[in-house]
Amino acid sequence: GEVDLPIHTDNQPALPTAHGGYIWFLAADNVTVKGMTEDAALFSSEDSNHDNMGGMGGRQSLIWVAGDNAAFENLTIMPNYNTYFAPDNCNKSVEVFGKNFTMTNCTMKKQDGKTTSGAALFFNGDKGTVAVTGSVFEESMICFSDMAHADDVIVENNTFDALNSYTSQFISTVTWSNPATKEMADVTLKENTFR
């Protein structure tokens with residue numbers, strides 16, 4: 001069913017630059033997060049109200065995936081509610097730092113009444129193998145950041161739907177490194193629908 005994730009604001013010295021906490025820091029390798037019911041969803045109803053821009057801060061994203069070989073299957077993911085980012089009130093839903101990530105049959109969408117978009121599935125750095133298949137991105141996007149190296153990235157059979165024209169991009173690349181990364185990993189797109 002639906003899981004309302006709490007914000008963890010206690011001292012967490014084992015986590016990188018916590019900047020006031022995380023919602024879910026998924027650090028273990030080889031973890032599969034799988035929805036077992038039709039209404040399976042991950043979100044946080046707490047207002048994180050934090051910028052996290054002084055470094056890689058935790059509360060700007062609902063889930064940080066730091067472990068390798070993570071898989072998300074059959075669930076809905078909604079961004080955390082963050083009034084610092086008004087008027088949209090969200091940033092990233094899932095931020096992936098680990099290698100070899102898969103997402104299958106998931107939906108990324110907004111939190112009704114709290115965010116106007118579903119935010120980003122955001123990839124950072126060397127990624128190994130990435131597969132995003134059979135998923136729905138409502139007012140959401142995929143973003144590859146400073147991802148110069150990857151073995152294989154496939155985005156296949158997904159639906160990208162800008163229902164309210166809030167999302168200006170469906171799939172993008174960005175660099176935050178200094179100097180800027182000029183090379184980006186190749187991404188294979190197959191049989192996706194863009195609305």
# chains A, B, ... in the order shown; residues from 1 in each chain; ligands from 1
>>> residues_around(residues="A:Asp152", least_positions_apart="3", cutoff="10 Å", atoms="only C-alpha atoms", output="JSON, numbers by chain")
{"A": [100, 127, 128, 129, 130, 131, 149, 185, 186, 187, 188]}
>>> residues_around(residues="A:Glu95", least_positions_apart="2", cutoff="6 Å", atoms="only C-alpha atoms", output="NGL selection string")
:A and (64 or 122-123)
>>> write_last_selection(atoms="all heavy atoms", output="CSV table (one decimal), in the first residue's frame")
chain,number,residue,atom,x,y,z
A,64,TRP,N,17.5,8.7,-2.0
A,64,TRP,CA,18.8,8.7,-2.5
A,64,TRP,C,19.2,7.2,-2.7
A,64,TRP,O,19.2,6.4,-1.7
A,64,TRP,CB,19.8,9.3,-1.5
A,64,TRP,CG,19.9,10.8,-1.7
A,64,TRP,CD1,19.0,11.7,-1.9
A,64,TRP,CD2,21.2,11.5,-1.6
A,64,TRP,NE1,19.5,13.0,-1.9
A,64,TRP,CE2,20.9,12.9,-1.8
A,64,TRP,CE3,22.5,11.1,-1.5
A,64,TRP,CZ2,21.8,13.8,-1.8
A,64,TRP,CZ3,23.5,12.1,-1.4
A,64,TRP,CH2,23.1,13.4,-1.6
A,122,PHE,N,16.8,11.1,-11.3
A,122,PHE,CA,18.1,11.9,-11.5
A,122,PHE,C,19.3,11.0,-11.3
A,122,PHE,O,19.4,10.3,-10.3
A,122,PHE,CB,18.1,13.0,-10.5
A,122,PHE,CG,19.0,14.1,-10.8
A,122,PHE,CD1,18.7,15.2,-11.7
A,122,PHE,CD2,20.3,14.2,-10.3
A,122,PHE,CE1,19.5,16.2,-12.0
A,122,PHE,CE2,21.2,15.2,-10.5
A,122,PHE,CZ,20.8,16.2,-11.4
A,123,PHE,N,20.1,10.9,-12.3
A,123,PHE,CA,21.3,10.0,-12.3
A,123,PHE,C,22.6,10.9,-12.2
A,123,PHE,O,22.7,11.8,-13.0
A,123,PHE,CB,21.4,9.2,-13.5
A,123,PHE,CG,20.2,8.2,-13.7
A,123,PHE,CD1,19.1,8.5,-14.3
A,123,PHE,CD2,20.4,6.9,-13.1
A,123,PHE,CE1,18.0,7.6,-14.4
A,123,PHE,CE2,19.3,6.0,-13.2
A,123,PHE,CZ,18.2,6.3,-13.8
>>> residues_around(residues="stretch 18-35 of chain A", least_positions_apart="6", cutoff="6 Å", atoms="only C-alpha atoms", output="short mmCIF file (atom, residue, chain, number, x, y, z; two decimals) with C-alpha atoms, in the first residue's frame")
data_model
loop_
_atom_site.label_atom_id
_atom_site.label_comp_id
_atom_site.auth_asym_id
_atom_site.auth_seq_id
_atom_site.Cartn_x
_atom_site.Cartn_y
_atom_site.Cartn_z
CA PRO A 6 9.40 10.26 7.58
CA ILE A 7 12.17 12.84 7.48
CA HIS A 8 15.20 11.77 9.52
CA THR A 9 16.75 14.91 10.98
CA GLY A 57 21.91 17.46 0.57
CA GLY A 58 19.50 14.75 1.48
CA ARG A 59 16.15 16.44 1.85
CA LEU A 62 12.68 11.63 -1.63
CA ILE A 63 15.04 8.67 -2.17
CA TRP A 64 18.83 8.65 -2.51
CA VAL A 65 20.08 5.43 -4.08
CA ALA A 66 23.73 5.08 -3.06
CA GLY A 67 23.93 1.30 -3.31
CA ASP A 68 24.74 -0.64 -6.48
CA ASN A 69 22.33 -2.98 -8.30
CA ALA A 70 19.13 -1.35 -7.00
CA ALA A 71 15.78 -2.12 -8.63
CA PHE A 72 12.39 -0.44 -8.28
CA GLU A 73 9.36 -2.39 -9.50
CA ASN A 74 5.58 -1.93 -9.65
CA LEU A 75 5.16 1.16 -7.49
#
>>> residues_around(residues="A:Glu138", least_positions_apart="6", cutoff="9 Å", atoms="only C-alpha atoms", output="MDAnalysis selection string")
chainID A and resid 107:110 117:118 159:163 167
>>> closest_residue(among="A:Ile154, A:Gln60, A:Thr116, A:Lys99", to="A:Pro87", atoms="only C-alpha atoms")
A:Thr116
>>> select_by_dssp(residues="stretch 21-179 of chain A", states="strand (DSSP E or B)", output="JSON, numbers by chain")
{"A": [22, 24, 25, 26, 32, 33, 34, 41, 42, 43, 47, 61, 62, 63, 64, 65, 71, 72, 73, 76, 77, 81, 92, 93, 94, 95, 96, 101, 102, 103, 104, 107, 108, 119, 120, 121, 122, 123, 124, 129, 130, 131, 132, 133, 136, 137, 138, 140, 141, 142, 143, 144, 145, 152, 153, 154, 155, 156, 159, 160, 161, 171, 172, 173, 174]}
>>> closest_residue(among="A:Pro179, A:Val96, A:Ser172, A:Met184", to="A:Ala150", atoms="only C-alpha atoms")
A:Met184
>>> residues_around(residues="A:Ser45", least_positions_apart="3", cutoff="10 Å", atoms="only C-alpha atoms", output="MDAnalysis selection string")
chainID A and resid 3:7 48 78:82 111 114
